[in-house]
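Structure below is target.txt: compact mmCIF, C-alpha atoms and all ligand atoms.
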```txt
# COMPACT_ATOMS: atom_id res chain seq x y z
CA MET A 1 16.21 29.53 36.51
CA ASN A 2 15.42 25.87 37.19
CA SER A 3 18.20 23.38 37.80
CA LYS A 4 17.78 21.72 34.36
CA LEU A 5 18.37 25.04 32.63
CA GLU A 6 21.21 25.87 35.00
CA GLY A 7 22.82 22.56 33.98
CA LEU A 8 22.43 23.50 30.31
CA LYS A 9 23.95 26.94 30.88
CA ASP A 10 26.89 25.42 32.69
CA PHE A 11 27.37 22.87 29.91
CA ILE A 12 27.35 25.53 27.16
CA ASP A 13 29.65 27.87 29.11
CA ASN A 14 32.22 25.11 29.49
CA LEU A 15 32.17 23.73 25.95
CA SER A 16 35.46 23.76 24.05
CA ILE A 17 35.26 25.54 20.74
CA ILE A 18 36.50 24.92 17.24
CA ASP A 19 36.29 28.42 15.90
CA THR A 20 35.78 28.53 12.12
CA HIS A 21 36.84 32.11 11.48
CA GLU A 22 39.33 34.58 12.93
CA HIS A 23 41.79 37.21 11.74
CA PHE A 24 44.08 37.44 14.75
CA ARG A 25 46.36 40.04 13.30
CA TYR A 26 47.27 41.34 16.74
CA LYS A 27 48.80 38.58 18.76
CA GLY A 28 50.19 40.77 21.51
CA GLY A 29 53.81 40.79 22.62
CA THR A 30 54.51 37.59 20.69
CA ALA A 31 54.08 39.21 17.28
CA GLY A 32 55.29 42.69 18.18
CA PHE A 33 52.26 44.41 16.67
CA GLU A 34 51.13 45.95 19.88
CA LYS A 35 53.73 48.63 20.49
CA GLY A 36 52.03 51.74 21.82
CA LEU A 37 48.67 50.04 22.20
CA GLU A 38 46.30 51.95 24.47
CA LEU A 39 42.54 52.28 24.94
CA PHE A 40 41.93 54.41 21.87
CA SER A 41 43.91 52.40 19.34
CA PHE A 42 42.38 49.26 20.86
CA LEU A 43 38.90 50.69 20.30
CA ALA A 44 39.75 51.89 16.80
CA SER A 45 40.74 48.35 15.79
CA SER A 46 37.57 46.80 17.21
CA TYR A 47 34.10 46.54 15.69
CA ALA A 48 32.85 48.86 18.47
CA GLY A 49 35.19 51.48 17.00
CA ALA A 50 33.09 51.40 13.82
CA ASP A 51 29.96 52.17 15.87
CA PHE A 52 31.74 55.16 17.47
CA ASN A 53 32.54 56.45 13.98
CA ARG A 54 28.96 55.92 12.73
CA ALA A 55 27.67 57.77 15.80
CA GLY A 56 29.68 60.82 14.73
CA LEU A 57 32.99 60.53 16.59
CA LYS A 58 35.31 63.26 15.34
CA ALA A 59 38.69 62.09 14.00
CA PHE A 60 41.42 62.64 16.62
CA SER A 61 44.08 65.15 15.70
CA PRO A 62 47.54 63.48 15.59
CA SER A 63 48.67 65.59 18.55
CA ALA A 64 45.56 64.91 20.74
CA SER A 65 46.32 63.80 24.28
CA SER A 66 44.56 60.79 25.82
CA ALA A 67 42.39 63.16 27.89
CA GLU A 68 41.33 65.01 24.72
CA LYS A 69 40.52 61.73 22.98
CA TRP A 70 38.43 60.62 25.94
CA LYS A 71 36.44 63.88 25.76
CA GLU A 72 35.48 63.07 22.15
CA ILE A 73 34.64 59.44 22.97
CA GLU A 74 32.47 60.54 25.88
CA LYS A 75 30.31 62.67 23.58
CA VAL A 76 29.11 59.66 21.55
CA LEU A 77 29.43 56.89 24.16
CA PRO A 78 25.78 57.15 25.32
CA TYR A 79 24.61 56.33 21.78
CA VAL A 80 27.01 53.45 21.28
CA ARG A 81 26.47 51.81 24.67
CA SER A 82 23.39 49.92 23.42
CA THR A 83 25.01 48.25 20.39
CA THR A 84 25.95 44.59 20.55
CA TYR A 85 29.44 45.40 19.22
CA PHE A 86 30.01 47.58 22.28
CA ARG A 87 28.28 45.40 24.88
CA SER A 88 29.98 42.18 23.78
CA LEU A 89 33.40 43.85 23.82
CA PHE A 90 33.09 45.42 27.26
CA ASP A 91 31.23 42.50 28.86
CA GLY A 92 34.27 40.46 27.85
CA LEU A 93 36.85 43.05 28.89
CA LYS A 94 35.25 43.50 32.34
CA GLU A 95 35.83 39.80 33.01
CA LEU A 96 39.28 39.62 31.46
CA TYR A 97 40.61 42.74 33.18
CA GLY A 98 38.71 42.39 36.45
CA ILE A 99 37.09 45.84 36.08
CA LYS A 100 33.63 46.12 37.63
CA ALA A 101 31.80 48.38 35.17
CA SER A 102 31.65 48.95 31.44
CA LEU A 103 33.57 51.91 30.00
CA GLU A 104 32.74 55.22 31.70
CA ARG A 105 34.32 58.45 32.92
CA SER A 106 35.37 56.95 36.27
CA ASN A 107 37.29 54.00 34.78
CA TRP A 108 38.60 54.86 31.31
CA LEU A 109 42.08 55.40 32.74
CA GLU A 110 41.88 51.97 34.36
CA TYR A 111 41.00 50.34 31.00
CA ASP A 112 43.76 52.32 29.34
CA LYS A 113 46.31 51.17 31.94
CA VAL A 114 45.39 47.47 31.69
CA ILE A 115 45.41 47.51 27.89
CA ARG A 116 48.91 49.08 27.90
CA GLU A 117 50.15 46.51 30.42
CA ARG A 118 48.68 43.51 28.60
CA SER A 119 50.14 44.64 25.29
CA CYS A 120 53.60 43.93 26.74
CA ASP A 121 52.66 40.49 28.06
CA ARG A 122 54.04 37.83 25.70
CA ASP A 123 51.58 35.20 26.91
CA TRP A 124 48.41 37.29 27.07
CA PHE A 125 47.09 36.27 23.65
CA HIS A 126 47.41 32.59 24.54
CA THR A 127 46.01 33.12 28.03
CA VAL A 128 42.89 34.71 26.55
CA LEU A 129 42.40 31.94 23.97
CA LYS A 130 42.64 29.43 26.79
CA LYS A 131 40.07 31.31 28.86
CA THR A 132 37.82 31.42 25.78
CA ARG A 133 38.19 27.63 25.53
CA ILE A 134 39.20 27.86 21.89
CA GLU A 135 40.83 24.54 21.04
CA LYS A 136 41.54 25.38 17.40
CA TYR A 137 40.72 28.32 15.15
CA LEU A 138 40.68 28.78 11.39
CA GLU A 139 42.68 31.86 10.50
CA ASP A 140 42.17 34.01 7.41
CA GLU A 141 45.39 36.04 7.17
CA TYR A 142 44.11 38.53 4.62
CA TRP A 143 47.11 40.81 5.21
CA THR A 144 49.65 38.55 3.49
CA LEU A 145 50.01 36.23 0.49
CA GLU A 146 52.74 34.24 2.19
CA ILE A 147 52.16 30.78 3.59
CA PRO A 148 51.45 31.41 7.28
CA LYS A 149 53.70 30.31 10.09
CA ARG A 150 51.50 28.15 12.26
CA GLY A 151 51.05 28.30 16.00
CA GLU A 152 49.65 25.69 18.31
CA LYS A 153 45.95 26.41 17.72
CA ASP A 154 45.68 28.08 14.33
CA ILE A 155 44.74 26.40 11.08
CA PRO A 156 45.16 28.43 7.88
CA VAL A 157 42.63 29.09 5.16
CA LEU A 158 43.61 30.55 1.78
CA ARG A 159 41.89 33.76 0.72
CA ILE A 160 41.21 33.46 -3.00
CA ASN A 161 40.27 37.08 -3.83
CA THR A 162 43.49 37.98 -5.59
CA PHE A 163 43.42 34.84 -7.76
CA VAL A 164 40.03 35.96 -9.08
CA MET A 165 40.76 39.69 -9.29
CA SER A 166 44.38 39.77 -10.49
CA ALA A 167 44.46 37.72 -13.73
CA LEU A 168 45.20 40.98 -15.56
CA GLY A 169 47.54 42.21 -12.84
CA GLU A 170 45.03 44.33 -10.92
CA LYS A 171 44.94 44.43 -7.13
CA ASP A 172 42.17 43.04 -4.94
CA HIS A 173 40.65 45.14 -2.11
CA ASN A 174 43.37 43.95 0.26
CA GLY A 175 46.00 45.38 -2.08
CA HIS A 176 47.22 41.95 -3.24
CA ASN A 177 48.25 41.04 -6.77
CA SER A 178 48.77 37.31 -7.17
CA ARG A 179 50.14 37.73 -10.70
CA GLU A 180 52.88 40.04 -9.49
CA PHE A 181 53.44 37.76 -6.50
CA ALA A 182 53.89 34.80 -8.90
CA GLY A 183 56.61 36.77 -10.69
CA LYS A 184 58.44 37.26 -7.39
CA GLN A 185 58.29 33.50 -6.86
CA GLY A 186 59.95 32.99 -10.26
CA ILE A 187 56.74 31.75 -11.93
CA LYS A 188 56.31 32.95 -15.51
CA ILE A 189 52.71 33.67 -16.52
CA LYS A 190 52.45 34.02 -20.28
CA ASN A 191 48.86 32.97 -20.80
CA LEU A 192 45.63 32.17 -19.00
CA ASP A 193 46.53 28.47 -18.62
CA ASP A 194 49.70 29.50 -16.76
CA TYR A 195 47.62 31.71 -14.45
CA VAL A 196 45.12 28.93 -13.69
CA ASN A 197 48.03 26.51 -13.12
CA TRP A 198 49.68 28.97 -10.73
CA THR A 199 46.40 29.24 -8.79
CA ASP A 200 46.20 25.44 -8.64
CA ARG A 201 49.81 25.26 -7.44
CA ARG A 202 49.27 27.88 -4.72
CA ILE A 203 46.16 26.10 -3.44
CA GLY A 204 48.20 22.87 -3.29
CA GLU A 205 51.00 24.64 -1.38
CA PHE A 206 48.56 26.05 1.17
CA LYS A 207 46.94 22.65 1.61
CA LYS A 208 50.37 21.12 2.19
CA ALA A 209 50.98 23.80 4.84
CA GLY A 210 47.81 22.70 6.64
CA ALA A 211 45.06 24.86 5.10
CA VAL A 212 41.62 23.30 5.43
CA ALA A 213 39.56 25.73 3.32
CA LEU A 214 39.51 28.43 0.69
CA LYS A 215 38.03 31.77 1.68
CA ASN A 216 36.03 33.87 -0.74
CA ALA A 217 35.75 37.45 0.54
CA LEU A 218 34.96 38.76 -2.94
CA ALA A 219 31.85 40.60 -1.76
CA TYR A 220 34.34 43.32 -0.75
CA ASP A 221 35.57 43.49 -4.37
CA ARG A 222 32.50 42.84 -6.53
CA SER A 223 29.13 41.05 -6.69
CA LEU A 224 28.97 37.43 -5.56
CA TYR A 225 27.15 36.52 -8.78
CA PHE A 226 29.60 34.68 -11.04
CA ALA A 227 28.23 34.17 -14.54
CA GLU A 228 29.61 31.61 -17.00
CA THR A 229 32.40 32.77 -19.33
CA THR A 230 33.66 30.52 -22.12
CA GLU A 231 37.35 29.61 -22.15
CA LYS A 232 37.64 31.20 -25.59
CA ASP A 233 36.33 34.54 -24.31
CA ALA A 234 38.44 34.36 -21.15
CA LYS A 235 41.59 33.76 -23.23
CA ARG A 236 40.72 36.62 -25.56
CA ILE A 237 40.26 38.99 -22.59
CA PHE A 238 43.51 37.80 -21.01
CA VAL A 239 45.38 38.64 -24.23
CA LYS A 240 43.76 42.10 -24.37
CA GLY A 241 45.30 42.90 -20.99
CA GLU A 242 44.51 45.35 -18.21
CA THR A 243 44.47 48.57 -20.23
CA LYS A 244 42.43 47.35 -23.21
CA ALA A 245 39.85 45.09 -21.52
CA SER A 246 36.52 46.80 -20.74
CA PRO A 247 35.06 46.71 -17.18
CA GLN A 248 32.53 44.08 -18.42
CA GLU A 249 35.31 41.93 -19.85
CA LYS A 250 37.28 42.20 -16.61
CA THR A 251 34.22 40.98 -14.70
CA ALA A 252 33.80 38.11 -17.18
CA LEU A 253 37.42 37.03 -16.65
CA GLN A 254 36.93 37.17 -12.86
CA ASP A 255 33.81 35.01 -13.31
CA PHE A 256 35.86 32.52 -15.31
CA MET A 257 38.49 32.35 -12.55
CA MET A 258 35.88 31.84 -9.83
CA HIS A 259 34.49 28.84 -11.72
CA ARG A 260 38.02 27.40 -12.12
CA ILE A 261 38.59 27.88 -8.38
CA MET A 262 35.38 25.99 -7.67
CA GLU A 263 36.76 23.09 -9.72
CA LEU A 264 40.06 23.34 -7.85
CA SER A 265 38.26 23.29 -4.50
CA ILE A 266 36.81 19.92 -5.52
CA LYS A 267 40.16 18.69 -6.86
CA HIS A 268 41.94 19.59 -3.59
CA SER A 269 38.97 18.57 -1.37
CA LEU A 270 38.90 22.00 0.28
CA PRO A 271 35.56 23.56 1.25
CA VAL A 272 34.93 27.19 0.32
CA GLN A 273 34.09 29.73 3.02
CA VAL A 274 32.15 32.70 1.65
CA HIS A 275 31.61 36.12 3.17
CA THR A 276 27.96 37.13 2.66
CA GLY A 277 25.70 39.78 4.15
CA ILE A 278 26.86 42.68 6.33
CA GLN A 279 30.21 44.25 5.55
CA HIS A 280 32.68 45.96 7.82
CA GLY A 281 32.72 49.56 6.66
CA GLY A 282 30.46 51.14 4.08
CA GLY A 283 30.93 52.28 0.54
CA ARG A 284 29.94 49.09 -1.28
CA PRO A 285 26.52 47.98 -2.54
CA LEU A 286 24.90 45.60 -0.06
CA GLU A 287 23.29 43.96 -3.08
CA TRP A 288 26.68 42.36 -3.93
CA THR A 289 26.62 40.28 -0.76
CA ARG A 290 23.36 38.35 -1.10
CA PRO A 291 23.81 34.60 -0.52
CA LEU A 292 21.31 34.09 -3.37
CA ASN A 293 23.95 35.44 -5.79
CA LEU A 294 25.82 32.16 -5.20
CA ASN A 295 22.88 29.93 -6.11
CA ASN A 296 24.28 28.91 -9.51
CA LEU A 297 27.59 27.83 -7.94
CA PHE A 298 25.76 25.79 -5.28
CA ILE A 299 23.84 23.94 -8.00
CA LYS A 300 26.61 23.55 -10.56
CA TYR A 301 29.32 22.42 -8.12
CA GLU A 302 27.40 19.75 -6.29
CA LYS A 303 30.59 18.09 -5.05
CA ALA A 304 31.96 21.34 -3.60
CA ARG A 305 31.17 22.19 0.03
CA PHE A 306 30.22 25.75 1.00
CA ASP A 307 30.46 27.31 4.45
CA ILE A 308 28.42 30.51 4.14
CA PHE A 309 29.33 33.22 6.62
CA HIS A 310 27.67 35.75 8.85
CA ALA A 311 24.24 34.12 8.77
CA GLY A 312 23.85 36.00 5.47
CA TYR A 313 22.58 38.87 7.64
CA PRO A 314 20.40 40.73 6.68
CA PHE A 315 19.53 38.08 4.04
CA THR A 316 19.30 35.43 6.74
CA GLU A 317 16.07 33.79 5.66
CA SER A 318 17.33 33.08 2.16
CA LEU A 319 20.48 31.49 3.60
CA ILE A 320 18.36 29.33 5.93
CA VAL A 321 16.39 28.09 2.93
CA LEU A 322 19.55 27.52 0.86
CA ALA A 323 21.12 25.48 3.69
CA LYS A 324 17.88 23.56 4.02
CA SER A 325 17.53 22.74 0.34
CA GLN A 326 21.15 22.22 -0.71
CA THR A 327 23.16 19.40 0.92
CA ASN A 328 26.44 21.20 0.09
CA VAL A 329 25.47 24.54 1.73
CA TYR A 330 26.29 25.07 5.41
CA PHE A 331 25.25 27.94 7.66
CA ASN A 332 27.89 29.86 9.62
CA LEU A 333 26.91 32.17 12.49
CA CYS A 334 30.36 33.74 12.65
CA TRP A 335 30.31 37.45 13.62
CA MET A 336 26.50 37.38 14.02
CA PRO A 337 26.22 37.11 17.87
CA ILE A 338 28.22 40.35 18.23
CA ILE A 339 26.30 42.15 15.47
CA SER A 340 22.95 41.60 17.19
CA ASP A 341 22.44 39.20 20.07
CA THR A 342 18.66 39.67 19.78
CA LYS A 343 18.62 38.63 16.13
CA THR A 344 20.94 35.70 16.84
CA GLU A 345 18.52 34.27 19.43
CA VAL A 346 15.59 34.59 17.05
CA LEU A 347 17.37 33.27 13.98
CA LEU A 348 18.79 30.29 15.88
CA ASN A 349 15.32 28.99 16.62
CA GLU A 350 14.16 29.48 13.03
CA LEU A 351 17.38 27.88 11.78
CA LEU A 352 16.99 24.85 14.05
CA ASP A 353 13.39 24.47 12.87
CA CYS A 354 14.57 24.24 9.26
CA VAL A 355 18.17 23.01 9.06
CA PRO A 356 19.73 19.85 10.54
CA SER A 357 22.02 20.80 13.42
CA ASN A 358 25.14 19.26 11.84
CA LYS A 359 25.14 22.09 9.27
CA ILE A 360 25.70 25.04 11.63
CA PHE A 361 29.02 26.59 12.70
CA TRP A 362 30.31 29.48 14.78
CA GLY A 363 33.36 31.74 14.55
CA GLY A 364 34.46 34.99 16.16
CA ASP A 365 35.75 37.01 13.15
CA CYS A 366 37.92 39.16 15.41
CA SER A 367 41.34 40.74 15.14
CA ARG A 368 42.24 40.33 18.84
CA ALA A 369 41.79 37.49 21.30
CA GLU A 370 40.07 39.84 23.79
CA GLN A 371 37.35 40.53 21.22
CA ALA A 372 36.95 36.83 20.52
CA TYR A 373 36.46 36.30 24.26
CA GLY A 374 33.44 38.62 24.18
CA ALA A 375 32.24 37.10 20.90
CA ALA A 376 32.35 33.56 22.32
CA LYS A 377 30.60 34.75 25.49
CA TYR A 378 27.77 36.21 23.39
CA ALA A 379 27.57 33.12 21.17
CA ARG A 380 27.21 30.90 24.25
CA GLN A 381 24.64 33.30 25.72
CA SER A 382 22.53 33.39 22.53
CA LEU A 383 22.70 29.61 22.19
CA PHE A 384 21.57 29.15 25.77
CA ARG A 385 18.67 31.59 25.39
CA ALA A 386 17.51 30.07 22.09
CA LEU A 387 17.79 26.50 23.34
CA SER A 388 16.02 27.33 26.64
CA LYS A 389 13.06 28.52 24.59
CA ARG A 390 12.95 25.20 22.77
CA ILE A 391 12.99 23.34 26.06
CA GLU A 392 10.21 25.54 27.44
CA LYS A 393 7.96 24.83 24.47
CA ASN A 394 8.85 21.12 24.51
CA SER A 395 10.52 21.11 21.12
CA ALA A 396 13.79 19.84 22.64
CA THR A 397 14.90 17.99 25.74
CA VAL A 398 17.84 19.22 27.78
CA GLU A 399 19.96 16.39 26.36
CA GLU A 400 19.01 17.35 22.81
CA ALA A 401 19.81 20.99 23.55
CA LYS A 402 23.28 19.99 24.82
CA PHE A 403 23.84 17.90 21.70
CA ILE A 404 22.91 20.84 19.45
CA ALA A 405 25.12 23.30 21.37
CA LYS A 406 28.13 21.00 21.16
CA ASN A 407 27.53 20.46 17.46
CA ILE A 408 27.45 24.18 16.74
CA LEU A 409 30.48 25.18 18.83
CA TYR A 410 32.65 22.13 18.32
CA SER A 411 31.71 18.89 16.55
CA ASN A 412 30.39 20.25 13.26
CA ALA A 413 33.56 22.20 12.48
CA LYS A 414 35.71 19.24 13.52
CA ASN A 415 33.86 16.93 11.14
CA PHE A 416 33.38 19.34 8.26
CA TYR A 417 36.99 20.59 8.22
CA ARG A 418 38.39 17.17 9.16
CA ILE A 419 40.39 18.64 12.02
ZN ZN A 501 36.20 37.82 8.56
```
Rewrite the structure from the file as structure tokens, please.
Amino acid sequence: MNSKLEGLKDFIDNLSIIDTHEHFRYKGGTAGFEKGLELFSFLASSYAGADFNRAGLKAFSPSASSAEKWKEIEKVLPYVRSTTYFRSLFDGLKELYGIKASLERSNWLEYDKVIRERSCDRDWFHTVLKKTRIEKYLEDEYWTLEIPKRGEKDIPVLRINTFVMSALGEKDHNGHNSREFAGKQGIKIKNLDDYVNWTDRRIGEFKKAGAVALKNALAYDRSLYFAETTEKDAKRIFVKGETKASPQEKTALQDFMMHRIMELSIKHSLPVQVHTGIQHGGGRPLEWTRPLNLNNLFIKYEKARFDIFHAGYPFTESLIVLAKSQTNVYFNLCWMPIISDTKTEVLLNELLDCVPSNKIFWGGDCSRAEQAYGAAKYARQSLFRALSKRIEKNSATVEEAKFIAKNILYSNAKNFYRI
């Protein structure tokens, strides 16, 4: 590597990050979630765990010993070793734990021991974030409807799924029911106006608590295409109620709520983050998750700002074109560098050809800081490789490459989310 490229690599590796998307549910000793954490539960809660399952890992019996679990893992490990989920996780863990090799027969007990030890360390979560150079992160706490207690680096976003899905008192895919929750807060919802007002109030309360965005993860509940429903129809369906409304009417009422939430996002000046593309776990039509399903919202709500997640993968090209043609549509790489580092390198160059570099973000989308460490490592690596290619073919100078890298990892999120 020549010294110019070495300088670029060093620059990217040392950049501070404003991370647009995490779900740090497991914050180590500080939150008390980690009791009994060991290698296998750590793996099960990671994306790599999903690859082990897809490769055919047999479910552990509740009485299985660690040695028996390892035997099962070892059967599928050779097939999983090549995936980016696995490589990014263990490339990160090797560095964090000071273990020379990736997971194998000779060191699984060593990984197991370190994971158990770290789970008791109150500061470990913060130590890892510091090592990752994460200055701030946007946190989607999908596991609760409560207003989050904030730490030093986290900034909340409000997941809006239940407000769309629960007008008739049904639960969203996270098991939340905002209508029931409103009742617990002493809010009486007698009609659709009350329900919309409650949604407005909750968005205001989250904003007051520091939230900088709404998060639409509805692709886990239904299609991202939200048709227009008249107020008259929506009110009629609301009166019919959960048992009498047909599935089509329920969808129409959800559509109505999504459009009201778009208006509220403009009213409260909060951008909307949207999950598109690949989903964690199967069982849902991939068709639901196309970024193109959102096209009518992008056009109708010109004043709203959209941060579209996961590079839209595998519908990446349509998201590139949407971000290119719509001023209010931004492109988020979150999760992508640990889904496929090869694809990330390729798409970055295509993206930079088409979309101005102030419209691109990154986030980890991880449940543990250790995973985010690997995710950030892979994001930096993919950025370096993509930008080196541009320098080699004279489509960017080293200074321009540094500017782009800093925009993607730091400045864009700071400006867009007004952090
Ligand atoms: Zn996520």
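Computed from the coordinates, the atom CA of A:Glu117 to atom CA of A:Gly363 distance equals 27.4 Å.
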**Study point:** Nearest candidate to A:Ala323 (options A:His310, A:Tyr410, A:Lys359, A:Ile299; using all atoms listed in the file)
**Key:** A:Lys359
**Study point:** 10 Å contact set for A:Thr230, all atoms listed in the file, chain neighbours under 4 positions out, as a ChimeraX atom specification
**Key:** /A:234-236,252-253,255-256
Point to revise | Polymer residues at most 9 Å from A:Val398, all atoms listed in the file, same-chain spacing of 4 or more positions, as a ChimeraX atom specification | key: /A:4-5,7-8,387-388,391,402-403
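For the atom pair formed by atom CA of A:Lys130 and atom CA of A:Asp19, the distance is 12.6 Å, given to one decimal.
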Can you complete the atoms of stretch 270-297 of chain A to N, CA and C atoms and list them as a PDB file, keeping the file's coordinate frame?
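Contents of part09.pdb, freshly written:
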```
ATOM      1  N   LEU A 270      38.921  20.911  -0.706  1.00  0.00           N
ATOM      2  CA  LEU A 270      38.900  22.000   0.280  1.00  0.00           C
ATOM      3  C   LEU A 270      37.557  22.721   0.184  1.00  0.00           C
ATOM      4  N   PRO A 271      36.808  22.797   1.283  1.00  0.00           N
ATOM      5  CA  PRO A 271      35.560  23.560   1.250  1.00  0.00           C
ATOM      6  C   PRO A 271      35.824  25.045   1.004  1.00  0.00           C
ATOM      7  N   VAL A 272      34.787  25.760   0.587  1.00  0.00           N
ATOM      8  CA  VAL A 272      34.930  27.190   0.320  1.00  0.00           C
ATOM      9  C   VAL A 272      34.097  27.981   1.333  1.00  0.00           C
ATOM     10  N   GLN A 273      34.781  28.814   2.107  1.00  0.00           N
ATOM     11  CA  GLN A 273      34.090  29.730   3.020  1.00  0.00           C
ATOM     12  C   GLN A 273      33.749  30.983   2.225  1.00  0.00           C
ATOM     13  N   VAL A 274      32.534  31.500   2.409  1.00  0.00           N
ATOM     14  CA  VAL A 274      32.150  32.700   1.650  1.00  0.00           C
ATOM     15  C   VAL A 274      31.595  33.773   2.574  1.00  0.00           C
ATOM     16  N   HIS A 275      32.171  34.970   2.458  1.00  0.00           N
ATOM     17  CA  HIS A 275      31.610  36.120   3.170  1.00  0.00           C
ATOM     18  C   HIS A 275      30.320  36.542   2.466  1.00  0.00           C
ATOM     19  N   THR A 276      29.213  36.582   3.197  1.00  0.00           N
ATOM     20  CA  THR A 276      27.960  37.130   2.660  1.00  0.00           C
ATOM     21  C   THR A 276      27.369  38.095   3.686  1.00  0.00           C
ATOM     22  N   GLY A 277      26.434  38.905   3.232  1.00  0.00           N
ATOM     23  CA  GLY A 277      25.700  39.780   4.150  1.00  0.00           C
ATOM     24  C   GLY A 277      26.490  41.008   4.557  1.00  0.00           C
ATOM     25  N   ILE A 278      26.286  41.430   5.796  1.00  0.00           N
ATOM     26  CA  ILE A 278      26.860  42.680   6.330  1.00  0.00           C
ATOM     27  C   ILE A 278      28.353  42.788   6.046  1.00  0.00           C
ATOM     28  N   GLN A 279      28.787  44.010   5.776  1.00  0.00           N
ATOM     29  CA  GLN A 279      30.210  44.250   5.550  1.00  0.00           C
ATOM     30  C   GLN A 279      30.757  45.198   6.596  1.00  0.00           C
ATOM     31  N   HIS A 280      32.038  45.059   6.876  1.00  0.00           N
ATOM     32  CA  HIS A 280      32.680  45.960   7.820  1.00  0.00           C
ATOM     33  C   HIS A 280      33.076  47.216   7.053  1.00  0.00           C
ATOM     34  N   GLY A 281      32.471  48.330   7.401  1.00  0.00           N
ATOM     35  CA  GLY A 281      32.720  49.560   6.660  1.00  0.00           C
ATOM     36  C   GLY A 281      31.742  49.684   5.512  1.00  0.00           C
ATOM     37  N   GLY A 282      31.449  50.914   5.138  1.00  0.00           N
ATOM     38  CA  GLY A 282      30.460  51.140   4.080  1.00  0.00           C
ATOM     39  C   GLY A 282      31.116  51.307   2.721  1.00  0.00           C
ATOM     40  N   GLY A 283      30.351  51.914   1.826  1.00  0.00           N
ATOM     41  CA  GLY A 283      30.930  52.280   0.540  1.00  0.00           C
ATOM     42  C   GLY A 283      30.766  51.243  -0.560  1.00  0.00           C
ATOM     43  N   ARG A 284      30.150  50.102  -0.242  1.00  0.00           N
ATOM     44  CA  ARG A 284      29.940  49.090  -1.280  1.00  0.00           C
ATOM     45  C   ARG A 284      28.470  48.713  -1.298  1.00  0.00           C
ATOM     46  N   PRO A 285      27.940  48.348  -2.492  1.00  0.00           N
ATOM     47  CA  PRO A 285      26.520  47.980  -2.540  1.00  0.00           C
ATOM     48  C   PRO A 285      26.236  46.702  -1.738  1.00  0.00           C
ATOM     49  N   LEU A 286      25.267  46.776  -0.861  1.00  0.00           N
ATOM     50  CA  LEU A 286      24.900  45.600  -0.060  1.00  0.00           C
ATOM     51  C   LEU A 286      24.386  44.467  -0.948  1.00  0.00           C
ATOM     52  N   GLU A 287      23.808  44.892  -2.077  1.00  0.00           N
ATOM     53  CA  GLU A 287      23.290  43.960  -3.080  1.00  0.00           C
ATOM     54  C   GLU A 287      24.328  42.886  -3.480  1.00  0.00           C
ATOM     55  N   TRP A 288      25.604  43.286  -3.531  1.00  0.00           N
ATOM     56  CA  TRP A 288      26.680  42.360  -3.930  1.00  0.00           C
ATOM     57  C   TRP A 288      26.729  41.121  -3.033  1.00  0.00           C
ATOM     58  N   THR A 289      26.292  41.284  -1.788  1.00  0.00           N
ATOM     59  CA  THR A 289      26.620  40.280  -0.760  1.00  0.00           C
ATOM     60  C   THR A 289      25.527  39.249  -0.519  1.00  0.00           C
ATOM     61  N   ARG A 290      24.462  39.296  -1.316  1.00  0.00           N
ATOM     62  CA  ARG A 290      23.360  38.350  -1.100  1.00  0.00           C
ATOM     63  C   ARG A 290      23.804  36.901  -1.287  1.00  0.00           C
ATOM     64  N   PRO A 291      23.495  36.017  -0.329  1.00  0.00           N
ATOM     65  CA  PRO A 291      23.810  34.600  -0.520  1.00  0.00           C
ATOM     66  C   PRO A 291      23.169  34.038  -1.795  1.00  0.00           C
ATOM     67  N   LEU A 292      22.001  34.581  -2.164  1.00  0.00           N
ATOM     68  CA  LEU A 292      21.310  34.090  -3.370  1.00  0.00           C
ATOM     69  C   LEU A 292      22.139  34.280  -4.641  1.00  0.00           C
ATOM     70  N   ASN A 293      23.068  35.253  -4.629  1.00  0.00           N
ATOM     71  CA  ASN A 293      23.950  35.440  -5.790  1.00  0.00           C
ATOM     72  C   ASN A 293      24.767  34.188  -6.090  1.00  0.00           C
ATOM     73  N   LEU A 294      24.961  33.348  -5.054  1.00  0.00           N
ATOM     74  CA  LEU A 294      25.820  32.160  -5.200  1.00  0.00           C
ATOM     75  C   LEU A 294      25.052  30.926  -5.661  1.00  0.00           C
ATOM     76  N   ASN A 295      23.748  31.089  -5.849  1.00  0.00           N
ATOM     77  CA  ASN A 295      22.880  29.930  -6.110  1.00  0.00           C
ATOM     78  C   ASN A 295      23.366  29.063  -7.268  1.00  0.00           C
ATOM     79  N   ASN A 296      23.822  29.708  -8.354  1.00  0.00           N
ATOM     80  CA  ASN A 296      24.280  28.910  -9.510  1.00  0.00           C
ATOM     81  C   ASN A 296      25.519  28.081  -9.169  1.00  0.00           C
ATOM     82  N   LEU A 297      26.398  28.608  -8.329  1.00  0.00           N
ATOM     83  CA  LEU A 297      27.590  27.830  -7.940  1.00  0.00           C
ATOM     84  C   LEU A 297      27.174  26.638  -7.067  1.00  0.00           C
TER      85      LEU A 297
END
```
